[in-house]
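Below: one structure, written as structure tokens.
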Amino acid sequence: MFERYQSPPPDVIVELMQAYRADPRPGKIDLGIGVYKNDQGQTPVMRAVKQAEQCYIGIEASKAYLGLGGDGQFVDLIADLVLGEAAKSGNLAGIQTVGGGAAVRLLADMLARNDGMGEIWIPSPTWINHLPIARAAGLKVREYNYYDPDTGTVAFERMIADLSAAKAGDVVLLHGCCHNPTGADLSPQQWADLGALILSRGLLPFVDMAYQGFGDGLEADAAGIRKLATMVPEMVISVSCSKNFGVYRDRAGAALILSENAEGTAKAKAVLLAAGRVNYSFPPNHAAASIALLLSDPALTDDWKAELDEMRVRLQNNRRILAEALRAATNSDRFDCITGHKGMFSLLGLGLDRVLRLREEAAIFMPPDGRMNIAAINVGQLDVIAGGIAAVLR
């Protein structure tokens, strides 16, 4: 009976990984896979994380299941990291999840079970998995303009115009910082203006915080979501620890709910826990427990912040030298906007044909939309990258 299945559309990132691994050329360059890489092309275990793991192994007393909500201390510490003072609200609740992706899915499942929920508005473009998750949860999806490819900035006027058509009870999905795939972020004033629109139209913000610390720093990257939390009565937040703690394969994240009152918070959390129960039952423990230990130890926290700052500064430097190399190679300011982008990614706007030519002619791999992983740039390969891009633009 299995032959009756219709094959699902291929995952472009998985396909990219497979194509890169299969390519025999020794000078091939991977600028697509969305993980942080250092100058040696490695994704290292962060110093403080490794030390916290070693400490935790020494004190771990059991491998029994955690509760459905996971490690409560971890959730509280992550909420504080993201929301600051707003995390002290008595109407805030959350659970540990299997990475940030599961947090998005569980929150989508929770929202889909609310009879008063409207459509979910998702930015275009956005993370490759946002649309499939929302649709799999049963939510009706609308898209809104987010990015202006001509200027490499947020298309804020078009964004506001689109969201002005949203109805009370609709959900608005937002990137907390370091927008994936564009790297173009909202300014503080734009966050405030957006919050005013959300409040006036009775919308529910759903903020996906996946890269805190990779843009302008932990506090600056959280400023927008914290501003929003002071303006709106309710919001939901998905948090990933994969990037800023480097625990990609260990899957640690959190789903947070901020409600108008304690009753609403309790009911929403109960539905969230039920969604987790039917998805994966209990979350894993190792990464979350290690992160909780790290954030509870001032010395480990300071070392983690220092290494995260080093990673952020490296990303900013990579942006600068890439923009300079592309300006020289193309004799154009077309890519100068890269220096103003935040986080790991920028959208080059090359088009599928040029992306495929880059792969065939220069062994440079990136997804079909032309999203570049800035962290994957090796200074020694800079001329090859800039020259390859310039060649496909001719």
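To be explicit about the labels: the chains of the structure tokens are called A, B, and onward in the order shown, and within each one the residues are counted from 1, while ligands get numbers from 1 in the order they are shown.
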All alpha helix (DSSP H) residues (DSSP, backbone) inside range 224-327 of chain A, as a VMD selection string: chain A and resid 224 to 231 262 to 279 286 to 296 298 to 327
Sorted per-residue table, range 315-352 of chain A near range 365-375 of chain A, closest atoms and distance, 10 Å, only C-alpha atoms, as CSV:
```
residue,atom,partner,partner_atom,distance
A:Leu315,CA,A:Ala375,CA,5.9
A:Gln316,CA,A:Ile374,CA,8.8
A:Asn317,CA,A:Ile374,CA,9.7
A:Asn318,CA,A:Ile374,CA,6.5
A:Arg319,CA,A:Ile374,CA,6.8
A:Leu322,CA,A:Ile374,CA,8.7
A:Ile338,CA,A:Ile374,CA,9.5
A:Lys342,CA,A:Ile374,CA,9.8
A:Gly343,CA,A:Ile374,CA,8.0
A:Met344,CA,A:Ile374,CA,5.2
A:Phe345,CA,A:Asn373,CA,4.8
A:Ser346,CA,A:Met372,CA,5.4
A:Leu347,CA,A:Arg371,CA,4.4
A:Leu348,CA,A:Gly370,CA,5.4
A:Gly349,CA,A:Gly370,CA,5.9
A:Leu350,CA,A:Gly370,CA,5.9
A:Gly351,CA,A:Asp369,CA,6.6
A:Leu352,CA,A:Pro368,CA,5.3
```
I'd like the contact shell of Asp336 in chain A - 8 Å cut-off, only C-alpha atoms, skipping same-chain residues fewer than 6 positions apart - returned as a PyMOL selection string. chain A and resi 323-324+327
List as a ChimeraX atom specification the protein and nucleic acid residues near Val141 in chain A, meaning an atom at most 7 Å away when only C-alpha atoms are counted, but skip any in the same chain fewer than 3 places from it. /A:119-121,135
How would the residues just chosen look if you wrote them out with N, CA and C atoms as a CSV table (one decimal), in the first residue's frame?
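This went into selection.csv:
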```csv
chain,number,residue,atom,x,y,z
A,119,GLU,N,-6.8,34.2,10.8
A,119,GLU,CA,-5.7,33.8,9.9
A,119,GLU,C,-4.3,34.2,10.5
A,120,ILE,N,-3.3,33.5,10.0
A,120,ILE,CA,-1.9,33.9,10.4
A,120,ILE,C,-1.2,34.5,9.2
A,121,TRP,N,-0.7,35.7,9.5
A,121,TRP,CA,0.0,36.5,8.5
A,121,TRP,C,1.5,36.2,8.6
A,135,ARG,N,0.6,25.6,8.0
A,135,ARG,CA,-0.4,24.9,7.2
A,135,ARG,C,-0.6,23.5,7.8
```
Using only C-alpha atoms, determine which residues lie at most 7 Å from range 298-310 of chain A, disregarding the query and same-chain residues fewer than 3 positions distant; provide the list as a count of residues only. 7
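Residue nearest Glu143 in chain A, chosen from A:Val98, A:Leu173, A:Cys178, A:Ala270 and counting only C-alpha atoms: A:Leu173.
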With only C-alpha atoms as the atoms that count, which of A:Thr339, A:Gln40, A:Thr265, A:Gln189 lies nearest to Ala93 in chain A?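 Selected residue with least distance to Ala93 in chain A: A:Thr265.
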So, counting only C-alpha atoms, which residue among A:Leu258, A:Cys55, A:Val154, A:Leu393 is closest to Thr182 in chain A? A:Val154
With distances taken over only C-alpha atoms, which of A:Asn91, A:Pro149, A:Glu219, A:Ala391 is nearest to Arg334 in chain A? A:Pro149
Determine which residues of range 169-292 of chain A DSSP labels as strand (DSSP E) from the backbone of this structure, then write them out as a list in words.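 Restricting range 169-292 of chain A to strand (DSSP E) produces Val171, Val172, Leu173, Leu174, His175, Leu204, Pro205, Phe206, Val207, Asp208, Met209, Met235, Val236, Ile237, Ser238, Val239, Ser240, Gly253, Ala254, Ala255, Leu256, Ile257 and Leu258 of chain A.
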Hey, which of A:Gly99, A:Gly116, A:Pro132, A:Gly94 ends up closest to Ala79 in chain A? Count only C-alpha atoms.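 Nearest to Ala79 in chain A: A:Gly94.
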Which distance in Å separates CA of Asp76 in chain A and CA of Pro284 in chain A, to one decimal? 16.9 Å
Report as a PyMOL selection string all protein, DNA and RNA residues lying within 12 Å of Ala196 in chain A, evaluated on only C-alpha atoms, omitting residues in the same chain fewer than 2 positions from it. chain A and resi 160+163-164+189-194+198-203+205+227-233
Selection from above, N, CA and C atoms, as a PDB file, in the first residue's frame, can you write it?
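Contents of the output file selection36.pdb:
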```pdb
ATOM      1  N   ILE A 160       3.152  47.504   6.431  1.00  0.00           N
ATOM      2  CA  ILE A 160       2.067  48.101   7.203  1.00  0.00           C
ATOM      3  C   ILE A 160       0.778  48.124   6.390  1.00  0.00           C
ATOM      4  N   LEU A 163      -0.660  44.580   6.473  1.00  0.00           N
ATOM      5  CA  LEU A 163      -1.182  44.195   7.790  1.00  0.00           C
ATOM      6  C   LEU A 163      -2.377  45.041   8.205  1.00  0.00           C
ATOM      7  N   SER A 164      -2.581  46.171   7.551  1.00  0.00           N
ATOM      8  CA  SER A 164      -3.766  46.986   7.844  1.00  0.00           C
ATOM      9  C   SER A 164      -5.047  46.287   7.395  1.00  0.00           C
ATOM     10  N   GLN A 189      11.955  52.392  15.887  1.00  0.00           N
ATOM     11  CA  GLN A 189      10.732  53.132  15.583  1.00  0.00           C
ATOM     12  C   GLN A 189       9.736  52.256  14.829  1.00  0.00           C
ATOM     13  N   GLN A 190      10.236  51.423  13.932  1.00  0.00           N
ATOM     14  CA  GLN A 190       9.333  50.529  13.200  1.00  0.00           C
ATOM     15  C   GLN A 190       8.681  49.516  14.127  1.00  0.00           C
ATOM     16  N   TRP A 191       9.423  49.016  15.119  1.00  0.00           N
ATOM     17  CA  TRP A 191       8.809  48.134  16.111  1.00  0.00           C
ATOM     18  C   TRP A 191       7.678  48.847  16.838  1.00  0.00           C
ATOM     19  N   ALA A 192       7.901  50.095  17.221  1.00  0.00           N
ATOM     20  CA  ALA A 192       6.884  50.861  17.934  1.00  0.00           C
ATOM     21  C   ALA A 192       5.659  51.097  17.046  1.00  0.00           C
ATOM     22  N   ASP A 193       5.889  51.470  15.777  1.00  0.00           N
ATOM     23  CA  ASP A 193       4.777  51.709  14.858  1.00  0.00           C
ATOM     24  C   ASP A 193       4.005  50.416  14.593  1.00  0.00           C
ATOM     25  N   LEU A 194       4.726  49.323  14.458  1.00  0.00           N
ATOM     26  CA  LEU A 194       4.079  48.031  14.243  1.00  0.00           C
ATOM     27  C   LEU A 194       3.249  47.635  15.459  1.00  0.00           C
ATOM     28  N   ILE A 198      -0.706  46.675  15.595  1.00  0.00           N
ATOM     29  CA  ILE A 198      -1.173  45.402  16.160  1.00  0.00           C
ATOM     30  C   ILE A 198      -2.195  45.653  17.260  1.00  0.00           C
ATOM     31  N   LEU A 199      -1.910  46.625  18.100  1.00  0.00           N
ATOM     32  CA  LEU A 199      -2.821  46.946  19.204  1.00  0.00           C
ATOM     33  C   LEU A 199      -4.142  47.497  18.678  1.00  0.00           C
ATOM     34  N   SER A 200      -4.088  48.408  17.722  1.00  0.00           N
ATOM     35  CA  SER A 200      -5.307  49.052  17.221  1.00  0.00           C
ATOM     36  C   SER A 200      -6.214  48.075  16.486  1.00  0.00           C
ATOM     37  N   ARG A 201      -5.638  47.053  15.867  1.00  0.00           N
ATOM     38  CA  ARG A 201      -6.445  46.115  15.090  1.00  0.00           C
ATOM     39  C   ARG A 201      -6.755  44.825  15.837  1.00  0.00           C
ATOM     40  N   GLY A 202      -6.282  44.711  17.071  1.00  0.00           N
ATOM     41  CA  GLY A 202      -6.600  43.528  17.865  1.00  0.00           C
ATOM     42  C   GLY A 202      -5.937  42.271  17.360  1.00  0.00           C
ATOM     43  N   LEU A 203      -4.683  42.394  16.918  1.00  0.00           N
ATOM     44  CA  LEU A 203      -3.957  41.247  16.378  1.00  0.00           C
ATOM     45  C   LEU A 203      -3.110  40.592  17.465  1.00  0.00           C
ATOM     46  N   PRO A 205       0.562  39.057  18.152  1.00  0.00           N
ATOM     47  CA  PRO A 205       1.919  38.849  17.632  1.00  0.00           C
ATOM     48  C   PRO A 205       2.481  37.490  18.029  1.00  0.00           C
ATOM     49  N   LYS A 227       9.839  45.824  23.612  1.00  0.00           N
ATOM     50  CA  LYS A 227       8.953  46.959  23.371  1.00  0.00           C
ATOM     51  C   LYS A 227       7.547  46.474  23.076  1.00  0.00           C
ATOM     52  N   LEU A 228       7.433  45.469  22.234  1.00  0.00           N
ATOM     53  CA  LEU A 228       6.130  44.924  21.874  1.00  0.00           C
ATOM     54  C   LEU A 228       5.419  44.365  23.103  1.00  0.00           C
ATOM     55  N   ALA A 229       6.166  43.726  23.996  1.00  0.00           N
ATOM     56  CA  ALA A 229       5.565  43.129  25.199  1.00  0.00           C
ATOM     57  C   ALA A 229       4.962  44.178  26.126  1.00  0.00           C
ATOM     58  N   THR A 230       5.471  45.420  26.053  1.00  0.00           N
ATOM     59  CA  THR A 230       4.898  46.492  26.886  1.00  0.00           C
ATOM     60  C   THR A 230       3.664  47.110  26.250  1.00  0.00           C
ATOM     61  N   MET A 231       3.420  46.813  24.969  1.00  0.00           N
ATOM     62  CA  MET A 231       2.342  47.483  24.239  1.00  0.00           C
ATOM     63  C   MET A 231       1.101  46.625  24.072  1.00  0.00           C
ATOM     64  N   VAL A 232       1.277  45.318  23.931  1.00  0.00           N
ATOM     65  CA  VAL A 232       0.146  44.452  23.584  1.00  0.00           C
ATOM     66  C   VAL A 232      -0.277  43.614  24.790  1.00  0.00           C
ATOM     67  N   PRO A 233      -1.552  43.241  24.860  1.00  0.00           N
ATOM     68  CA  PRO A 233      -2.006  42.442  26.004  1.00  0.00           C
ATOM     69  C   PRO A 233      -1.586  40.988  25.942  1.00  0.00           C
TER      70      PRO A 233
END
```
List every residue of range 121-215 of chain A that has an atom at most 12 Å from any atom of range 2-15 of chain A, giving for each one its closest atom pair and the distance in Å to one decimal, counting only C-alpha atoms, sorted by chain and then by ascending residue number, as a Markdown table.
```
| residue | atom | partner | partner_atom | distance |
| --- | --- | --- | --- | --- |
| A:Trp127 | CA | A:Ile13 | CA | 11.3 |
| A:Ile128 | CA | A:Ile13 | CA | 8.8 |
| A:Asn129 | CA | A:Asp11 | CA | 9.6 |
| A:Pro132 | CA | A:Asp11 | CA | 10.9 |
```
Since we have the selection now, will you write its residues out, keeping C-alpha atoms, as an mmCIF file, in the first residue's frame?
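Once written, part34.cif looks like this:
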```cif
data_model
loop_
_atom_site.group_PDB
_atom_site.id
_atom_site.type_symbol
_atom_site.label_atom_id
_atom_site.label_comp_id
_atom_site.auth_asym_id
_atom_site.auth_seq_id
_atom_site.Cartn_x
_atom_site.Cartn_y
_atom_site.Cartn_z
ATOM 1 C CA TRP A 127 12.265 30.925 7.193
ATOM 2 C CA ILE A 128 11.639 28.000 4.882
ATOM 3 C CA ASN A 129 9.669 26.037 7.499
ATOM 4 C CA PRO A 132 4.653 24.370 6.064
#
```
